[in-house]
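Undergrad: Below is a structure I'd like to ask you about.
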Amino acid sequence: MDATLLCDADGIVIAWSSCAEALLGWTREEAIGKSLVNLVIPLQYRSVVESNVREFCATGAGALFNRRLEAVLLCKDRHAILIEFMATPIRLDDRLYFNASIRARHPDAKSAKDPARHISILNLSRDAIMITNLEHEILFWNSGAEKMFGYAAEESLGRKSHELLSAEYPLALSEINDQLMATGHWEGEISYTTFNGVRLTILSRWELESDAEDGTALILKSGTDAGLWKNSLVASTLLLTNKQHFESLFKLHPDGFFSFDPGGRLISANAALSTLTGYSNEELIGMPHKKLVAPENIDEIRHHFFAALRGTPQTCEFICVRKDNSRFDASIIMLPDIVDNAVHSLNGIVKDVSHRKDNERRILFLATHDPLTGLPNRVLLNDRMQHAIDQARRRQSRVGILLMDLNRFKVINDSLGHNKGDILLCTIADRLKGAMREVDTVARLGGDEFVVLLENLNAADDLSLVAQNLLALVAQPVVLDNESITVSTSIGASIYPQDGNDTATLLKNADLAMYDAKESGSSVFRPYSPEMNTRAVGRLARENGLRQALERGELVLHYQPRLDIGKNRIVGIEALVRWDHPEKGLIFPVNFIPLAEEIGVIDAIGKWVLLEACRQLKAWQDAGLLSVNVSVNVSAVQLRSDTICSTISHALAATGLDPGFLDLEITESSLMQNIDDTQEKLLDIRRLGVSLSIDDFGTGYSSLSYLKRLPIDTLKIDKSFIREVVQNSDDSAIVTATIAMAHSMNLKVVAEGVTTFDQMRFLESCGCDEIQGYLLCQPLPESDAESFLKTSQSRGIYFSRPH
């Protein structure tokens, strides 16, 4: 039986019969897709074969085609065999293919002509094979013919093949006979009808054989179902196409493609894997997989590897190690290659996911850390606190919490700008982190608030030592734009388990201790004590009461007069707010204004004071009382507000008060906060016709150069300089110089806190313009102030001075 095969015009094997497998040793799967020339043609004959193929493709003629020739072929085991072959060009679907039939030439002619051997060999073929005489009477009918045409051998023997199968030839049978007798060979397509009436197109090959002993001529006819050939051709072409697609995908894919044997060694790798790992393809082949995996991921990869070997696809992520020991985040897919229910290898894809993992880590970092300082935020702090508490509970040890708040940070932030404030916060954060142990945590809760978590605390005194160290550390100067800035902090502490058993309680109690420290001054440390809860409850009550004081009408104004020393008459009154608490009575500003600023109600209180003072003065004027000015204090918060001018305009318009009778008092320290912005706002206020005074002068850090820039009318010397102005030479010198300096700048001077005639006489001798204090009277309620003004008006002068 001939071995048959089919190649395309490029010499690539498309079909490979079972007889070809038996003769040459390659299986169908091994042969299809390979170059026939490289597969079986000896090296010395390859150029001849290739040139003949090219010649036929160009001219339609070639010495190797349509004739039976002898040649030598190489088998799979590379031994050479002598063969006889015929190569026939055929066209299927307008494409050129070469069909080859090959038979081995056996040196032992006798054994080759053994009929029993012929029959056994011919019956092994799946093709239909028959032997006829020259009249086409069937002498032999193999099992392949029985299966193809449906007739048993005993039904077909002796019958003419073209009559039995209703043959339709491409040429007249006589012409085929003539060609067969002339060349000994004929090949073409014949249409046969099977026993069941099915028409089959058969690719048939006829060979004329003659017996040398008796001269009998026989025809050996073989037939292959052309439909099966075409289906095989389509399947083989599809297989080849898929193989080429896979090879293109394997070679050109940007991700790393690989195959591992069951022992975990690489048996194939594409160029992308070489690029990813830094190893050449030669270095990768045979490399164990663990060499590419970070040590900390080896156990995990081994687990997935063996799971894939058991037939379950695996996906995981790991750290891949390059040849230069650098690392990258990798995602891997491992797919078992299963043949006959057994895993022969693992195929997979490795992808560099470093960019995605970096983004994930960045997102996680932002979710658990403060973006400005890089310190843990409240979320991560709570997690670490809970872990520390759990650990301390098992070990019966302590956990320390230090909660700290920078003093006057808002002033620095507003005056120097938020950029400088951010630099200051980062500097403090670095200091705190550098001072703590590796096991401790420094976190930023927001704003200027930091928390230090100390694990495995041996004793409560240790917490105090750490806090004192941090107080000194924060107090070290910070240079911002060549300017040295010093800040202080207040620290509160709580300890597990004595001050709380959970994170919320420990933080709350540390916060209470911190506020207690802040109220005691700057750079103060306070450990938590239960009494602080009581004070906190009281503070909360004060906050709620102050928020409702305006609505309930609990705020009232008292008025303190000012005396013009030279004219000896009242020229003004200062409006001073009081909180008339329903339970505690009259509360002075020093005890609630700082709280009002802290909880954000100072602006509302300031607006009410301004409106009420203007209303009252206008009412007195309408009643015909002494015409005086009213002074109203403006807080730093109000001065920073963008609505300050509109607030003043509204108060004047609502009450009808002439702006010339309104004087606004602003503390020296408030003026120095962001001097440029302050100057613009004061100019806008001055344009309204309102006069301006600097209150508590001498307690701040203003310079004369700044004062010259501000549209100020009056300086009010702080009472701390007046108290001992007669007895203390330093105070008298300061007061004398201040009055002289103010007059040189055309400013009026008011002395606050005057309580004795000696003080008044000294101030008069220095040229002071006005005085204010208990020497005249204490701040008076509205009705008493009205009586005071009436009395002053009727006398014309306030009082006679003692000599």
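In the structure tokens, chains take the letters A, B, ... in the order shown, each chain's residues start at 1, and ligands count up from 1 in the order shown.
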Could you write out, as a PyMOL selection string, all the residues of range 434-569 of chain A that DSSP marks as strand (DSSP E)?
TA: chain A and resi 441-446+449-457+478-480+483-485+489-496+524-527+555-564+569
Undergrad: Produce a file of the selected residues containing C-alpha atoms, as a CSV table (one decimal), in the first residue's frame.
TA:
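File again_39.csv, as written:
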```csv
chain,number,residue,atom,x,y,z
A,441,THR,CA,3.3,55.5,66.3
A,442,VAL,CA,3.2,59.3,65.6
A,443,ALA,CA,-0.1,60.3,63.9
A,444,ARG,CA,-1.7,63.5,62.7
A,445,LEU,CA,-5.4,63.8,63.4
A,446,GLY,CA,-5.8,67.0,61.4
A,449,GLU,CA,-3.2,68.1,66.3
A,450,PHE,CA,-0.8,65.1,66.7
A,451,VAL,CA,-1.0,61.8,68.7
A,452,VAL,CA,1.8,59.7,69.9
A,453,LEU,CA,1.1,56.0,70.7
A,454,LEU,CA,3.6,54.3,73.0
A,455,GLU,CA,3.4,50.6,73.2
A,456,ASN,CA,4.8,48.4,76.0
A,457,LEU,CA,4.9,51.3,78.5
A,478,VAL,CA,11.9,76.7,62.9
A,479,VAL,CA,13.3,78.9,60.1
A,480,LEU,CA,10.8,79.9,57.5
A,483,GLU,CA,12.7,84.1,59.7
A,484,SER,CA,12.9,82.2,63.0
A,485,ILE,CA,9.5,81.0,64.3
A,489,THR,CA,2.5,72.8,72.3
A,490,SER,CA,0.1,71.6,75.0
A,491,ILE,CA,0.1,67.8,75.7
A,492,GLY,CA,-2.5,65.7,77.3
A,493,ALA,CA,-2.0,62.0,78.2
A,494,SER,CA,-4.0,58.9,79.0
A,495,ILE,CA,-2.9,55.4,79.8
A,496,TYR,CA,-4.4,52.0,79.2
A,524,VAL,CA,2.3,72.4,79.6
A,525,PHE,CA,1.8,68.6,80.0
A,526,ARG,CA,-1.2,67.2,81.8
A,527,PRO,CA,-2.0,63.6,82.5
A,555,LEU,CA,-26.0,89.6,76.8
A,556,VAL,CA,-26.0,93.2,78.1
A,557,LEU,CA,-23.9,96.3,77.6
A,558,HIS,CA,-22.2,98.3,80.4
A,559,TYR,CA,-20.7,101.7,79.6
A,560,GLN,CA,-17.6,103.3,81.1
A,561,PRO,CA,-17.0,107.0,80.5
A,562,ARG,CA,-13.9,108.8,79.2
A,563,LEU,CA,-12.8,112.2,80.6
A,564,ASP,CA,-11.0,114.9,78.6
A,569,ARG,CA,-15.7,116.9,80.8
```
Undergrad: Any chance you could list, as a PDB file with C-alpha atoms, in the first residue's frame, the residues in range 246-377 of chain A that come up helix (DSSP H, G or I) when DSSP is run on the backbone?
TA:
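Listing of result.pdb after writing:
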```pdb
ATOM      1  CA  PHE A 246      -0.646  30.632  18.401  1.00  0.00           C
ATOM      2  CA  GLU A 247       2.993  30.991  17.430  1.00  0.00           C
ATOM      3  CA  SER A 248       2.394  34.655  16.516  1.00  0.00           C
ATOM      4  CA  LEU A 249       0.565  35.225  19.788  1.00  0.00           C
ATOM      5  CA  PHE A 250       3.317  33.423  21.672  1.00  0.00           C
ATOM      6  CA  LYS A 251       6.120  35.382  20.001  1.00  0.00           C
ATOM      7  CA  LEU A 252       4.567  38.835  19.724  1.00  0.00           C
ATOM      8  CA  ALA A 271      10.757  37.282  23.970  1.00  0.00           C
ATOM      9  CA  ALA A 272       8.539  39.357  26.306  1.00  0.00           C
ATOM     10  CA  LEU A 273       9.450  37.089  29.227  1.00  0.00           C
ATOM     11  CA  SER A 274      13.115  37.685  28.470  1.00  0.00           C
ATOM     12  CA  THR A 275      12.476  41.434  28.458  1.00  0.00           C
ATOM     13  CA  LEU A 276      10.567  41.253  31.743  1.00  0.00           C
ATOM     14  CA  THR A 277      13.163  39.169  33.581  1.00  0.00           C
ATOM     15  CA  ASN A 281      15.844  32.788  26.113  1.00  0.00           C
ATOM     16  CA  GLU A 282      18.763  30.370  26.386  1.00  0.00           C
ATOM     17  CA  GLU A 283      19.166  31.238  30.073  1.00  0.00           C
ATOM     18  CA  LEU A 284      15.445  30.809  30.748  1.00  0.00           C
ATOM     19  CA  HIS A 289      10.516  28.615  38.484  1.00  0.00           C
ATOM     20  CA  LYS A 290      11.585  29.492  42.023  1.00  0.00           C
ATOM     21  CA  LYS A 291      14.601  31.386  40.678  1.00  0.00           C
ATOM     22  CA  LEU A 292      12.209  34.017  39.287  1.00  0.00           C
ATOM     23  CA  PRO A 295      11.825  34.319  48.587  1.00  0.00           C
ATOM     24  CA  GLU A 296       8.811  35.549  50.520  1.00  0.00           C
ATOM     25  CA  ASN A 297       6.468  34.369  47.727  1.00  0.00           C
ATOM     26  CA  ILE A 298       7.996  30.939  46.979  1.00  0.00           C
ATOM     27  CA  ASP A 299       5.634  28.954  49.227  1.00  0.00           C
ATOM     28  CA  GLU A 300       2.588  30.678  47.752  1.00  0.00           C
ATOM     29  CA  ILE A 301       3.724  30.087  44.147  1.00  0.00           C
ATOM     30  CA  ARG A 302       4.527  26.458  44.950  1.00  0.00           C
ATOM     31  CA  HIS A 303       0.993  26.004  46.275  1.00  0.00           C
ATOM     32  CA  HIS A 304      -0.532  27.415  43.065  1.00  0.00           C
ATOM     33  CA  PHE A 305       1.886  25.418  40.898  1.00  0.00           C
ATOM     34  CA  PHE A 306       0.873  22.065  42.396  1.00  0.00           C
ATOM     35  CA  ALA A 307      -2.808  23.043  42.258  1.00  0.00           C
ATOM     36  CA  ALA A 308      -2.396  23.680  38.516  1.00  0.00           C
ATOM     37  CA  LEU A 309      -0.625  20.327  38.118  1.00  0.00           C
ATOM     38  CA  SER A 354       3.744  47.259  38.996  1.00  0.00           C
ATOM     39  CA  HIS A 355       1.877  50.390  37.876  1.00  0.00           C
ATOM     40  CA  ARG A 356      -1.461  49.049  39.123  1.00  0.00           C
ATOM     41  CA  LYS A 357       0.037  47.799  42.387  1.00  0.00           C
ATOM     42  CA  ASP A 358       1.757  51.160  42.911  1.00  0.00           C
ATOM     43  CA  ASN A 359      -1.603  52.882  42.457  1.00  0.00           C
ATOM     44  CA  GLU A 360      -3.259  50.437  44.857  1.00  0.00           C
ATOM     45  CA  ARG A 361      -0.543  51.053  47.421  1.00  0.00           C
ATOM     46  CA  ARG A 362      -0.899  54.808  46.901  1.00  0.00           C
ATOM     47  CA  ILE A 363      -4.662  54.623  47.392  1.00  0.00           C
ATOM     48  CA  LEU A 364      -4.200  52.510  50.523  1.00  0.00           C
ATOM     49  CA  PHE A 365      -1.564  54.937  51.795  1.00  0.00           C
ATOM     50  CA  LEU A 366      -3.859  57.918  51.263  1.00  0.00           C
ATOM     51  CA  ALA A 367      -6.661  56.071  53.030  1.00  0.00           C
ATOM     52  CA  THR A 368      -4.487  55.442  56.087  1.00  0.00           C
TER      53      THR A 368
END
```
Undergrad: For a test of reading the model, state the distance in Å between CA of Gly753 in chain A and CA of Gly773 in chain A, rounded to one decimal.
TA: 4.4 Å
Undergrad: Which residues come within 12 Å of Ile338 in chain A, counting only C-alpha atoms, excluding same-chain residues fewer than 4 positions away, as a list of chain:residue names?
TA: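 So the residues in contact are A:Pro262, A:Ala308, A:Leu309, A:Arg310, A:Gly311, A:Thr312, A:Pro313, A:Ala342, A:Val343, A:His344, A:Ser345, A:Leu346, A:Asn347.
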Undergrad: Would you write out those residues with N, CA, C and O atoms, as an mmCIF file, in the first residue's frame?
TA:
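Just written: again-v7.cif:
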```
data_model
loop_
_atom_site.group_PDB
_atom_site.id
_atom_site.type_symbol
_atom_site.label_atom_id
_atom_site.label_comp_id
_atom_site.auth_asym_id
_atom_site.auth_seq_id
_atom_site.Cartn_x
_atom_site.Cartn_y
_atom_site.Cartn_z
ATOM 1 N N PRO A 262 6.346 19.396 34.445
ATOM 2 C CA PRO A 262 5.817 19.077 35.783
ATOM 3 C C PRO A 262 6.847 19.243 36.893
ATOM 4 O O PRO A 262 6.476 19.345 38.068
ATOM 5 N N ALA A 308 -2.260 23.724 39.976
ATOM 6 C CA ALA A 308 -2.396 23.680 38.516
ATOM 7 C C ALA A 308 -2.019 22.308 37.971
ATOM 8 O O ALA A 308 -2.643 21.805 37.027
ATOM 9 N N LEU A 309 -0.999 21.682 38.550
ATOM 10 C CA LEU A 309 -0.625 20.327 38.118
ATOM 11 C C LEU A 309 -1.737 19.318 38.366
ATOM 12 O O LEU A 309 -1.816 18.300 37.683
ATOM 13 N N ARG A 310 -2.600 19.622 39.335
ATOM 14 C CA ARG A 310 -3.748 18.741 39.591
ATOM 15 C C ARG A 310 -4.919 19.047 38.666
ATOM 16 O O ARG A 310 -5.982 18.432 38.775
ATOM 17 N N GLY A 311 -4.723 20.005 37.741
ATOM 18 C CA GLY A 311 -5.731 20.259 36.726
ATOM 19 C C GLY A 311 -6.579 21.487 36.938
ATOM 20 O O GLY A 311 -7.501 21.737 36.155
ATOM 21 N N THR A 312 -6.296 22.291 37.968
ATOM 22 C CA THR A 312 -7.104 23.483 38.247
ATOM 23 C C THR A 312 -6.348 24.734 37.831
ATOM 24 O O THR A 312 -5.261 25.000 38.359
ATOM 25 N N PRO A 313 -6.875 25.516 36.894
ATOM 26 C CA PRO A 313 -6.200 26.765 36.505
ATOM 27 C C PRO A 313 -6.006 27.673 37.715
ATOM 28 O O PRO A 313 -6.852 27.722 38.612
ATOM 29 N N ALA A 342 -4.259 13.647 31.379
ATOM 30 C CA ALA A 342 -3.042 13.801 32.178
ATOM 31 C C ALA A 342 -2.418 15.161 31.883
ATOM 32 O O ALA A 342 -2.422 15.623 30.742
ATOM 33 N N VAL A 343 -1.906 15.832 32.928
ATOM 34 C CA VAL A 343 -1.256 17.128 32.773
ATOM 35 C C VAL A 343 0.187 16.906 32.342
ATOM 36 O O VAL A 343 0.981 16.322 33.078
ATOM 37 N N HIS A 344 0.494 17.326 31.129
ATOM 38 C CA HIS A 344 1.837 17.134 30.591
ATOM 39 C C HIS A 344 2.747 18.328 30.868
ATOM 40 O O HIS A 344 3.967 18.179 30.928
ATOM 41 N N SER A 345 2.140 19.520 30.998
ATOM 42 C CA SER A 345 2.929 20.730 31.260
ATOM 43 C C SER A 345 1.989 21.824 31.743
ATOM 44 O O SER A 345 0.768 21.640 31.776
ATOM 45 N N LEU A 346 2.559 22.958 32.126
ATOM 46 C CA LEU A 346 1.775 24.122 32.514
ATOM 47 C C LEU A 346 2.114 25.278 31.586
ATOM 48 O O LEU A 346 3.287 25.616 31.415
ATOM 49 N N ASN A 347 1.100 25.836 30.967
ATOM 50 C CA ASN A 347 1.278 27.027 30.147
ATOM 51 C C ASN A 347 0.772 28.235 30.927
ATOM 52 O O ASN A 347 -0.117 28.112 31.771
#
```
Undergrad: Report as a list of chain:residue names all protein, DNA and RNA residues lying within 10 Å of Ala472 in chain A, evaluated on only C-alpha atoms, omitting residues in the same chain fewer than 5 positions from it.
TA: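 That gives A:Ala467, A:Ser488, A:Thr489, A:Ser523.
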Undergrad: Between CA of Asp255 in chain A and CA of Lys351 in chain A, what is the distance, to one decimal in Å?
TA: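 One can read the CA of Asp255 in chain A to CA of Lys351 in chain A distance as 5.2 Å.
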Undergrad: Which residues are near range 647-650 of chain A? Cut-off 12 Å, only C-alpha atoms, ignore same chain within fewer than 5 positions. Put them as number ranges by chain.
TA: A: 603-604, 606-615, 632, 634, 638-639, 641-642, 655-659, 662-664, 681-682, 684-691
Undergrad: Selected residues, N, CA, C and O atoms, written as a short mmCIF file (atom, residue, chain, number, x, y, z; two decimals), in the first residue's frame, please.
TA:
```
data_model
loop_
_atom_site.label_atom_id
_atom_site.label_comp_id
_atom_site.auth_asym_id
_atom_site.auth_seq_id
_atom_site.Cartn_x
_atom_site.Cartn_y
_atom_site.Cartn_z
N ASP A 603 -18.25 86.36 66.14
CA ASP A 603 -18.69 87.27 65.10
C ASP A 603 -20.13 87.72 65.35
O ASP A 603 -20.46 88.91 65.22
N ALA A 604 -20.98 86.76 65.76
CA ALA A 604 -22.38 87.10 66.05
C ALA A 604 -22.47 88.02 67.26
O ALA A 604 -23.26 88.99 67.27
N GLY A 606 -20.09 90.08 68.31
CA GLY A 606 -19.54 91.37 67.90
C GLY A 606 -20.55 92.20 67.14
O GLY A 606 -20.66 93.43 67.33
N LYS A 607 -21.32 91.56 66.24
CA LYS A 607 -22.34 92.29 65.47
C LYS A 607 -23.42 92.84 66.40
O LYS A 607 -23.89 93.98 66.23
N TRP A 608 -23.81 92.03 67.38
CA TRP A 608 -24.85 92.48 68.31
C TRP A 608 -24.36 93.67 69.14
O TRP A 608 -25.09 94.64 69.33
N VAL A 609 -23.12 93.56 69.65
CA VAL A 609 -22.56 94.65 70.47
C VAL A 609 -22.51 95.94 69.67
O VAL A 609 -22.91 97.02 70.15
N LEU A 610 -22.04 95.87 68.43
CA LEU A 610 -21.93 97.07 67.60
C LEU A 610 -23.31 97.69 67.35
O LEU A 610 -23.50 98.92 67.49
N LEU A 611 -24.25 96.84 66.96
CA LEU A 611 -25.60 97.34 66.67
C LEU A 611 -26.25 97.94 67.92
O LEU A 611 -26.85 99.03 67.88
N GLU A 612 -26.14 97.26 69.07
CA GLU A 612 -26.76 97.72 70.31
C GLU A 612 -26.11 99.01 70.82
O GLU A 612 -26.82 99.93 71.31
N ALA A 613 -24.77 99.13 70.72
CA ALA A 613 -24.09 100.35 71.16
C ALA A 613 -24.51 101.55 70.32
O ALA A 613 -24.77 102.66 70.85
N CYS A 614 -24.60 101.36 68.99
CA CYS A 614 -25.04 102.44 68.11
C CYS A 614 -26.50 102.81 68.40
O CYS A 614 -26.87 104.01 68.42
N ARG A 615 -27.33 101.82 68.62
CA ARG A 615 -28.75 102.09 68.93
C ARG A 615 -28.90 102.90 70.21
O ARG A 615 -29.66 103.87 70.28
N VAL A 632 -16.40 100.89 70.62
CA VAL A 632 -16.77 99.46 70.57
C VAL A 632 -15.53 98.65 70.23
O VAL A 632 -14.79 99.00 69.29
N VAL A 634 -13.41 95.65 68.70
CA VAL A 634 -13.49 94.75 67.54
C VAL A 634 -12.43 93.66 67.74
O VAL A 634 -11.25 93.95 67.93
N GLN A 638 -13.22 89.34 63.99
CA GLN A 638 -14.04 90.27 63.22
C GLN A 638 -13.21 91.04 62.20
O GLN A 638 -13.66 91.27 61.07
N LEU A 639 -12.01 91.45 62.61
CA LEU A 639 -11.16 92.25 61.73
C LEU A 639 -10.72 91.43 60.51
O LEU A 639 -10.56 91.97 59.42
N SER A 641 -12.52 89.23 59.07
CA SER A 641 -13.70 88.92 58.27
C SER A 641 -13.80 89.86 57.07
O SER A 641 -13.53 91.07 57.16
N ASP A 642 -14.21 89.31 55.95
CA ASP A 642 -14.39 90.11 54.74
C ASP A 642 -15.64 90.99 54.82
O ASP A 642 -15.85 91.85 53.96
N THR A 655 -29.44 102.18 62.70
CA THR A 655 -29.70 103.01 63.88
C THR A 655 -29.77 104.50 63.55
O THR A 655 -30.27 105.29 64.36
N GLY A 656 -29.26 104.90 62.42
CA GLY A 656 -29.26 106.32 62.04
C GLY A 656 -28.17 107.10 62.73
O GLY A 656 -28.21 108.36 62.72
N LEU A 657 -27.18 106.45 63.34
CA LEU A 657 -26.12 107.14 64.06
C LEU A 657 -25.12 107.74 63.08
O LEU A 657 -24.72 107.09 62.10
N ASP A 658 -24.74 108.96 63.35
CA ASP A 658 -23.70 109.61 62.55
C ASP A 658 -22.39 108.87 62.79
O ASP A 658 -21.99 108.65 63.93
N PRO A 659 -21.67 108.42 61.70
CA PRO A 659 -20.43 107.64 61.87
C PRO A 659 -19.36 108.40 62.64
O PRO A 659 -18.45 107.80 63.22
N LEU A 662 -18.87 107.20 66.21
CA LEU A 662 -18.47 105.81 66.47
C LEU A 662 -16.96 105.67 66.42
O LEU A 662 -16.32 106.14 65.47
N ASP A 663 -16.42 105.04 67.43
CA ASP A 663 -14.98 104.77 67.50
C ASP A 663 -14.79 103.27 67.70
O ASP A 663 -15.39 102.67 68.61
N LEU A 664 -13.99 102.63 66.85
CA LEU A 664 -13.71 101.20 66.96
C LEU A 664 -12.34 100.99 67.59
O LEU A 664 -11.35 101.57 67.14
N LYS A 681 -8.12 97.04 55.22
CA LYS A 681 -9.44 97.03 55.87
C LYS A 681 -9.64 98.27 56.73
O LYS A 681 -10.74 98.84 56.77
N LEU A 682 -8.60 98.71 57.43
CA LEU A 682 -8.72 99.92 58.25
C LEU A 682 -8.97 101.15 57.38
O LEU A 682 -9.75 102.04 57.77
N ASP A 684 -10.59 101.12 54.56
CA ASP A 684 -12.00 101.02 54.15
C ASP A 684 -12.93 101.48 55.27
O ASP A 684 -13.94 102.17 55.03
N ILE A 685 -12.58 101.10 56.51
CA ILE A 685 -13.40 101.50 57.67
C ILE A 685 -13.32 103.02 57.85
O ILE A 685 -14.32 103.69 58.11
N ARG A 686 -12.11 103.53 57.72
CA ARG A 686 -11.90 104.99 57.91
C ARG A 686 -12.70 105.79 56.89
O ARG A 686 -13.20 106.89 57.19
N ARG A 687 -12.86 105.23 55.69
CA ARG A 687 -13.62 105.93 54.65
C ARG A 687 -15.10 106.03 55.00
O ARG A 687 -15.83 106.84 54.42
N LEU A 688 -15.56 105.18 55.91
CA LEU A 688 -16.95 105.25 56.36
C LEU A 688 -17.19 106.43 57.30
O LEU A 688 -18.33 106.74 57.64
N GLY A 689 -16.10 107.09 57.75
CA GLY A 689 -16.21 108.21 58.67
C GLY A 689 -16.07 107.79 60.12
O GLY A 689 -16.29 108.60 61.03
N VAL A 690 -15.71 106.55 60.36
CA VAL A 690 -15.55 106.01 61.71
C VAL A 690 -14.11 106.22 62.15
O VAL A 690 -13.17 106.06 61.36
N SER A 691 -13.92 106.60 63.43
CA SER A 691 -12.56 106.76 63.94
C SER A 691 -12.05 105.43 64.50
O SER A 691 -12.83 104.53 64.85
#
```
Undergrad: Might you pull out every residue within 8 Å of Leu39 in chain A, with only C-alpha atoms counted and same-chain residues fewer than 5 positions away left off, and present them as a count of residues only?
TA: 3
Undergrad: Which residue is closest to Ile389 in chain A? Choose from A:Val293, A:Ile593, A:Ala504, A:Ile83 and count only C-alpha atoms.
TA: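 Going through A:Val293, A:Ile593, A:Ala504, A:Ile83 one by one, the smallest distance to Ile389 in chain A is for A:Ala504.
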Undergrad: Quick one: everything within 12 Å of range 411-422 of chain A, counting only C-alpha atoms, minus sequence neighbours fewer than 6 positions away in the same chain. Send it as a PyMOL selection string.
TA: chain A and resi 371-373+428-429+446-448+478-488+636-637+640+669-678
Undergrad: Write to file, as a compact mmCIF listing (two decimals), in the first residue's frame, the residues of the selection just made, with C-alpha atoms.
TA:
```
# COMPACT_ATOMS: atom_id res chain seq x y z
CA PRO A 371 -1.20 63.39 52.74
CA LEU A 372 0.73 66.43 54.03
CA THR A 373 3.07 64.90 56.61
CA ILE A 428 7.18 69.27 63.68
CA ALA A 429 6.03 65.90 62.30
CA GLY A 446 -5.83 66.98 61.37
CA GLY A 447 -5.05 70.66 61.68
CA ASP A 448 -2.28 71.10 64.26
CA VAL A 478 11.86 76.74 62.91
CA VAL A 479 13.34 78.90 60.14
CA LEU A 480 10.80 79.93 57.50
CA ASP A 481 12.09 82.23 54.75
CA ASN A 482 15.04 83.34 56.88
CA GLU A 483 12.66 84.14 59.74
CA SER A 484 12.94 82.18 62.98
CA ILE A 485 9.54 81.02 64.27
CA THR A 486 9.00 79.46 67.68
CA VAL A 487 5.86 77.53 68.61
CA SER A 488 4.82 75.73 71.73
CA ALA A 636 -9.20 89.87 65.68
CA VAL A 637 -11.74 87.43 64.24
CA ARG A 640 -10.14 89.28 59.55
CA SER A 669 -1.82 92.24 68.60
CA SER A 670 -4.82 92.03 66.22
CA LEU A 671 -3.40 94.82 64.08
CA MET A 672 -0.10 93.04 63.63
CA GLN A 673 -1.68 89.93 62.10
CA ASN A 674 -1.18 90.20 58.34
CA ILE A 675 -0.37 93.90 58.41
CA ASP A 676 -0.97 94.48 54.67
CA ASP A 677 -4.49 93.07 54.75
CA THR A 678 -5.17 94.92 58.03
```
Undergrad: Give the answer as one residue: which of A:Val474, A:Cys19, A:Leu425, A:Leu406 has the shortest atom-to-atom distance to Gly521 in chain A, using only C-alpha atoms?
TA: A:Leu406
Undergrad: Please determine, counting only C-alpha atoms, which residue among A:Ala172, A:Ala100, A:Ala651, A:Leu69 has the shortest atom-to-atom distance to Leu36 in chain A.
TA: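 Of the candidates, the smallest distance to Leu36 in chain A is held by A:Ala100.
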Undergrad: With distances taken over only C-alpha atoms, which of A:Tyr528, A:Trp141, A:Phe318, A:Phe65 is nearest to Leu403 in chain A?
TA: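 Of all the options, A:Tyr528 lies closest to Leu403 in chain A.
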Undergrad: Would you work out the distance separating CA of Ala71 in chain A from CA of Glu84 in chain A, expressed in Å to one decimal?
TA: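 About the pair CA of Ala71 in chain A and CA of Glu84 in chain A: they are 6.3 Å apart.
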